[in-house]
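Undergrad: The following block contains the structure, expressed as structure tokens.
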Amino acid sequence: MSAPTTGSTPAASTGLDSAGTDSTGADSTSLAVRAAGVGKIFPTKTGDVVALTGVELTVAAGEFVSLIGPSGCGKSTLLRLIADLDSTSSGELQIFGKSAKQARIDQDYGIAFQQAGLLPWRTVAGNIELPLELHGVAKETRRARVAELASLVGLSDFVDRYPDQLSGGMQQRVAIARALAEQPRLLLMDEPFGALDEMTREYLQGELTRIAKDTGAAVVFVTHSIPEAVFLSDRVVVMSPRPGRITEILPTGLGDVRSESLRESPEYFERVTAVREALHGSPVERANER
Ligand SMILES: Nc1ncnc2c1ncn2[C@@H]1O[C@H](COP(=O)(O)OP(=O)(O)OP(=O)(O)O)[C@@H](O)[C@H]1O
């Protein structure tokens, strides 16, 4: 993971000047994601739903950014726009300086969702190599890459198993390996640990920070969990609904290595409190609202 980059202020700016250069001097092609004034409206029978408005966000190469906010604030919509699974209604979105469509064609990112979405009739190896197979990668190359990825996610002894022979956490690790198969520079993850028990979840959080660091991939991670967002991220993006927008971006500044002891450190509690207050207001503010 990289050090926190652009600011902690409410996301009033992309941090980019007119030359497409951010405050760290990086040009837009070295940014994993650049969203400038991005909006999304879903027309429905009962009227337009403004899912996102004025989203300004940059994610640096190798940076880990979480999106957090109440249900319906547009977290998944933003991730789907980045993944080119849906199109923006306004604003500009670039992935490594390209359109979302071009980045999809170039396989610049891998995706993992809450449901692992494995093919039950294929083994672990068969699932991991699927994207490579679909893109015509030779069998020998696929085999070597599967071995590498299975080792990365700690499943070397399970490559011949089928999904229904694996725990939920192991299935999710297969999904992460599959998302990494084509060595993407960006991982898009929508609550990938949401369906797991707390212990497995914490274990996989540690694994994911290690994998992100080892591969150098940037990560955009959607979660409902404040501790999870803080533990994983270089920056936490706080969103609010009606219409969905970014209200605050908080750098965690917790350093590159995420050890289990971090979860009990004062710095960690401080950041968790800061994100909680950005989401819900301070206890005094909440009491005054009652
Ligand atoms: N295809 C669609 N058609 C109409 N409205 C949609 C569509 N997809 C999303 N929305 C609306 O857009 C808003 C944002 O939805 P989105 O799923 O992005 O929120 P979210 O923050 O990911 O929510 P959750 O945390 O519950 O998953 C919601 O009001 C939702 O009802």
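Going through the structure tokens in order, the chains are called A, B, and so on, while each chain numbers its residues from 1 and the ligands are numbered from 1 in the order shown.
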When the cut-off is 12 Å and you count only C-alpha atoms and all ligand atoms, which residues lie near ligand 1, shown as an MDAnalysis selection string?

TA: chainID A and resid 39:53 67:81 85:87 113:114 189:192 194 221:225 238:246

Undergrad: Please save C-alpha atoms of the selected residues as a PDB file, in the first residue's frame.

TA:
```pdb
ATOM      1  CA  GLY A  39     -23.075  11.773 -11.564  1.00  0.00           C
ATOM      2  CA  LYS A  40     -25.469   8.904 -12.149  1.00  0.00           C
ATOM      3  CA  ILE A  41     -29.217   9.129 -12.614  1.00  0.00           C
ATOM      4  CA  PHE A  42     -31.429   6.053 -12.969  1.00  0.00           C
ATOM      5  CA  PRO A  43     -34.678   6.864 -14.768  1.00  0.00           C
ATOM      6  CA  THR A  44     -37.517   4.831 -13.224  1.00  0.00           C
ATOM      7  CA  LYS A  45     -41.282   4.680 -13.773  1.00  0.00           C
ATOM      8  CA  THR A  46     -41.804   6.802 -10.677  1.00  0.00           C
ATOM      9  CA  GLY A  47     -39.177   9.392 -11.635  1.00  0.00           C
ATOM     10  CA  ASP A  48     -35.430   9.834 -11.732  1.00  0.00           C
ATOM     11  CA  VAL A  49     -33.263   8.365  -8.963  1.00  0.00           C
ATOM     12  CA  VAL A  50     -30.152  10.498  -8.458  1.00  0.00           C
ATOM     13  CA  ALA A  51     -27.768   7.765  -7.315  1.00  0.00           C
ATOM     14  CA  LEU A  52     -24.608   9.901  -7.439  1.00  0.00           C
ATOM     15  CA  THR A  53     -23.864  13.562  -7.823  1.00  0.00           C
ATOM     16  CA  LEU A  67     -15.993   3.546   0.132  1.00  0.00           C
ATOM     17  CA  ILE A  68     -18.260   3.599   3.181  1.00  0.00           C
ATOM     18  CA  GLY A  69     -21.719   5.021   3.777  1.00  0.00           C
ATOM     19  CA  PRO A  70     -25.316   4.124   4.572  1.00  0.00           C
ATOM     20  CA  SER A  71     -27.350   1.847   2.369  1.00  0.00           C
ATOM     21  CA  GLY A  72     -28.315   3.525  -0.899  1.00  0.00           C
ATOM     22  CA  CYS A  73     -25.569   6.194  -0.895  1.00  0.00           C
ATOM     23  CA  GLY A  74     -24.232   4.907  -4.220  1.00  0.00           C
ATOM     24  CA  LYS A  75     -21.141   2.894  -3.230  1.00  0.00           C
ATOM     25  CA  SER A  76     -21.937  -0.014  -5.546  1.00  0.00           C
ATOM     26  CA  THR A  77     -23.042   2.349  -8.290  1.00  0.00           C
ATOM     27  CA  LEU A  78     -19.678   4.133  -8.178  1.00  0.00           C
ATOM     28  CA  LEU A  79     -17.831   0.823  -8.296  1.00  0.00           C
ATOM     29  CA  ARG A  80     -20.000  -0.342 -11.214  1.00  0.00           C
ATOM     30  CA  LEU A  81     -19.228   2.870 -13.135  1.00  0.00           C
ATOM     31  CA  LEU A  85     -20.811  -2.226 -15.796  1.00  0.00           C
ATOM     32  CA  ASP A  86     -22.891   0.927 -16.111  1.00  0.00           C
ATOM     33  CA  SER A  87     -22.295   4.360 -17.656  1.00  0.00           C
ATOM     34  CA  PHE A 113     -18.087  -9.287  -5.110  1.00  0.00           C
ATOM     35  CA  GLN A 114     -19.793 -10.411  -1.885  1.00  0.00           C
ATOM     36  CA  MET A 189     -14.187  -5.188  -4.493  1.00  0.00           C
ATOM     37  CA  ASP A 190     -17.817  -4.888  -3.378  1.00  0.00           C
ATOM     38  CA  GLU A 191     -18.195  -6.192   0.197  1.00  0.00           C
ATOM     39  CA  PRO A 192     -16.128  -9.288  -0.586  1.00  0.00           C
ATOM     40  CA  GLY A 194     -19.633  -9.264   3.918  1.00  0.00           C
ATOM     41  CA  PHE A 221     -13.181  -1.523  -1.670  1.00  0.00           C
ATOM     42  CA  VAL A 222     -16.868  -1.122  -0.742  1.00  0.00           C
ATOM     43  CA  THR A 223     -17.772  -1.941   2.845  1.00  0.00           C
ATOM     44  CA  HIS A 224     -20.350  -1.258   5.584  1.00  0.00           C
ATOM     45  CA  SER A 225     -17.799  -1.893   8.310  1.00  0.00           C
ATOM     46  CA  VAL A 238     -17.306   8.654   3.422  1.00  0.00           C
ATOM     47  CA  MET A 239     -20.513   8.948   1.399  1.00  0.00           C
ATOM     48  CA  SER A 240     -24.064  10.058   2.170  1.00  0.00           C
ATOM     49  CA  PRO A 241     -27.344   9.384   0.358  1.00  0.00           C
ATOM     50  CA  ARG A 242     -30.074  11.436  -1.319  1.00  0.00           C
ATOM     51  CA  PRO A 243     -28.359  12.250  -3.540  1.00  0.00           C
ATOM     52  CA  GLY A 244     -25.318   9.978  -3.188  1.00  0.00           C
ATOM     53  CA  ARG A 245     -22.174  12.032  -2.759  1.00  0.00           C
ATOM     54  CA  ILE A 246     -18.796  12.087  -1.065  1.00  0.00           C
TER      55      ILE A 246
END
```

Undergrad: Check the DSSP output for the backbone and give back, as a PyMOL selection string, the residues of stretch 15-217 of chain A in alpha helix (DSSP H).

TA: chain A and resi 75-82+100-105+124-128+130-134+139-152+168-180+198-215

Undergrad: Per residue of stretch 76-154 of chain A within 12 Å of stretch 209-216 of chain A, record the nearest atom pair and its distance in Å to one decimal, counting only C-alpha atoms, with rows in chain order and ascending residue number, as a Markdown table.

TA:
```
| residue | atom | partner | partner_atom | distance |
| --- | --- | --- | --- | --- |
| A:Glu148 | CA | A:Thr215 | CA | 11.8 |
| A:Leu149 | CA | A:Ile211 | CA | 10.1 |
| A:Ala150 | CA | A:Ile211 | CA | 11.8 |
| A:Ser151 | CA | A:Ile211 | CA | 10.8 |
| A:Leu152 | CA | A:Ile211 | CA | 7.1 |
| A:Val153 | CA | A:Ile211 | CA | 7.7 |
| A:Gly154 | CA | A:Ile211 | CA | 10.7 |
```

Undergrad: Hey, what does DSSP flag as strand (DSSP E) within stretch 49-281 of chain A? Can you give it to me as an MDAnalysis selection string?

TA: chainID A and resid 49:60 64:68 90:95 109:113 186:190 218:222 235:240 245:251

Undergrad: Those selected residues, please, written with N, CA and C atoms and delivered as a compact mmCIF listing (two decimals), in the first residue's frame.

TA:
```
# COMPACT_ATOMS: atom_id res chain seq x y z
N VAL A 49 -33.98 8.58 -10.22
CA VAL A 49 -33.26 8.36 -8.96
C VAL A 49 -31.85 8.91 -9.16
N VAL A 50 -31.51 9.94 -8.38
CA VAL A 50 -30.15 10.50 -8.46
C VAL A 50 -29.26 9.66 -7.53
N ALA A 51 -28.58 8.70 -8.12
CA ALA A 51 -27.77 7.77 -7.32
C ALA A 51 -26.45 8.40 -6.90
N LEU A 52 -25.89 9.24 -7.75
CA LEU A 52 -24.61 9.90 -7.44
C LEU A 52 -24.62 11.31 -8.00
N THR A 53 -23.99 12.21 -7.28
CA THR A 53 -23.86 13.56 -7.82
C THR A 53 -22.50 14.16 -7.46
N GLY A 54 -21.88 14.80 -8.43
CA GLY A 54 -20.64 15.56 -8.20
C GLY A 54 -19.53 14.78 -7.53
N VAL A 55 -19.30 13.54 -7.92
CA VAL A 55 -18.26 12.75 -7.25
C VAL A 55 -16.88 13.14 -7.77
N GLU A 56 -16.04 13.58 -6.84
CA GLU A 56 -14.66 13.99 -7.14
C GLU A 56 -13.73 13.06 -6.37
N LEU A 57 -12.98 12.24 -7.07
CA LEU A 57 -12.13 11.28 -6.36
C LEU A 57 -10.95 10.88 -7.24
N THR A 58 -9.78 10.81 -6.62
CA THR A 58 -8.65 10.20 -7.31
C THR A 58 -8.12 9.07 -6.45
N VAL A 59 -7.73 7.98 -7.10
CA VAL A 59 -7.08 6.87 -6.40
C VAL A 59 -5.72 6.68 -7.07
N ALA A 60 -4.67 6.80 -6.27
CA ALA A 60 -3.32 6.68 -6.84
C ALA A 60 -3.00 5.21 -7.15
N PHE A 64 -4.89 2.00 -1.48
CA PHE A 64 -6.07 1.25 -1.04
C PHE A 64 -7.10 2.25 -0.53
N VAL A 65 -8.24 2.31 -1.19
CA VAL A 65 -9.29 3.26 -0.84
C VAL A 65 -10.59 2.51 -0.58
N SER A 66 -11.22 2.79 0.57
CA SER A 66 -12.53 2.18 0.86
C SER A 66 -13.63 3.20 0.68
N LEU A 67 -14.79 2.72 0.22
CA LEU A 67 -15.99 3.55 0.13
C LEU A 67 -16.93 3.06 1.22
N ILE A 68 -17.36 3.99 2.10
CA ILE A 68 -18.26 3.60 3.18
C ILE A 68 -19.40 4.59 3.26
N SER A 90 -23.15 12.02 -15.98
CA SER A 90 -22.44 13.29 -16.13
C SER A 90 -21.03 13.14 -15.58
N GLY A 91 -20.18 14.11 -15.92
CA GLY A 91 -18.81 14.11 -15.41
C GLY A 91 -17.88 13.22 -16.22
N GLU A 92 -16.67 13.11 -15.69
CA GLU A 92 -15.63 12.36 -16.42
C GLU A 92 -15.00 11.32 -15.50
N LEU A 93 -14.81 10.12 -16.05
CA LEU A 93 -14.22 9.04 -15.28
C LEU A 93 -13.09 8.43 -16.08
N GLN A 94 -11.90 8.37 -15.47
CA GLN A 94 -10.76 7.77 -16.16
C GLN A 94 -10.14 6.69 -15.29
N ILE A 95 -9.75 5.60 -15.92
CA ILE A 95 -9.06 4.52 -15.24
C ILE A 95 -7.67 4.44 -15.90
N TYR A 109 -8.38 -4.06 -14.63
CA TYR A 109 -8.85 -4.31 -13.27
C TYR A 109 -9.45 -5.71 -13.13
N GLY A 110 -9.43 -6.19 -11.88
CA GLY A 110 -10.12 -7.42 -11.53
C GLY A 110 -11.25 -7.07 -10.57
N ILE A 111 -12.27 -7.92 -10.54
CA ILE A 111 -13.45 -7.62 -9.72
C ILE A 111 -13.74 -8.78 -8.77
N ALA A 112 -14.10 -8.47 -7.53
CA ALA A 112 -14.59 -9.50 -6.59
C ALA A 112 -15.79 -8.94 -5.83
N PHE A 113 -16.86 -9.73 -5.77
CA PHE A 113 -18.09 -9.29 -5.11
C PHE A 113 -18.35 -10.09 -3.84
N LEU A 186 -5.50 -2.78 -10.77
CA LEU A 186 -6.59 -2.25 -9.94
C LEU A 186 -7.54 -3.39 -9.59
N LEU A 187 -7.91 -3.46 -8.31
CA LEU A 187 -8.91 -4.44 -7.86
C LEU A 187 -10.15 -3.69 -7.41
N LEU A 188 -11.31 -4.11 -7.89
CA LEU A 188 -12.58 -3.49 -7.48
C LEU A 188 -13.32 -4.52 -6.66
N MET A 189 -13.61 -4.19 -5.39
CA MET A 189 -14.19 -5.19 -4.49
C MET A 189 -15.43 -4.63 -3.81
N ASP A 190 -16.56 -5.33 -3.96
CA ASP A 190 -17.82 -4.89 -3.38
C ASP A 190 -18.19 -5.82 -2.24
N ALA A 218 -3.75 -1.19 -6.96
CA ALA A 218 -4.63 -0.28 -6.23
C ALA A 218 -5.92 -1.04 -5.94
N VAL A 219 -6.60 -0.67 -4.86
CA VAL A 219 -7.86 -1.34 -4.52
C VAL A 219 -8.93 -0.28 -4.22
N VAL A 220 -10.12 -0.47 -4.81
CA VAL A 220 -11.29 0.31 -4.40
C VAL A 220 -12.25 -0.70 -3.77
N PHE A 221 -12.55 -0.50 -2.49
CA PHE A 221 -13.18 -1.52 -1.67
C PHE A 221 -14.45 -0.96 -1.04
N VAL A 222 -15.60 -1.56 -1.34
CA VAL A 222 -16.87 -1.12 -0.74
C VAL A 222 -17.13 -1.92 0.52
N ARG A 235 -6.92 5.52 2.50
CA ARG A 235 -7.91 6.59 2.70
C ARG A 235 -9.31 5.98 2.73
N VAL A 236 -10.16 6.57 3.58
CA VAL A 236 -11.55 6.12 3.68
C VAL A 236 -12.44 7.22 3.11
N VAL A 237 -13.24 6.86 2.12
CA VAL A 237 -14.14 7.81 1.47
C VAL A 237 -15.53 7.65 2.09
N VAL A 238 -16.01 8.71 2.74
CA VAL A 238 -17.31 8.65 3.42
C VAL A 238 -18.37 9.26 2.50
N MET A 239 -19.46 8.50 2.32
CA MET A 239 -20.51 8.95 1.40
C MET A 239 -21.84 9.10 2.15
N SER A 240 -22.73 9.92 1.57
CA SER A 240 -24.06 10.06 2.17
C SER A 240 -25.11 10.00 1.05
N ARG A 245 -23.34 11.17 -2.52
CA ARG A 245 -22.17 12.03 -2.76
C ARG A 245 -21.10 11.75 -1.73
N ILE A 246 -19.89 12.23 -2.02
CA ILE A 246 -18.80 12.09 -1.07
C ILE A 246 -18.86 13.26 -0.10
N THR A 247 -18.84 12.95 1.20
CA THR A 247 -18.89 14.05 2.18
C THR A 247 -17.53 14.30 2.82
N GLU A 248 -16.71 13.27 2.89
CA GLU A 248 -15.39 13.45 3.51
C GLU A 248 -14.44 12.35 3.02
N ILE A 249 -13.15 12.70 2.95
CA ILE A 249 -12.14 11.68 2.64
C ILE A 249 -11.08 11.73 3.74
N LEU A 250 -10.94 10.62 4.46
CA LEU A 250 -10.05 10.59 5.63
C LEU A 250 -8.84 9.71 5.37
N PRO A 251 -7.63 10.28 5.37
CA PRO A 251 -6.43 9.43 5.28
C PRO A 251 -6.24 8.71 6.61
```

Undergrad: A:Ser259, A:Leu134, A:Gly168, A:His280: which is nearest A:Leu208, counting only C-alpha atoms?

TA: A:Ser259
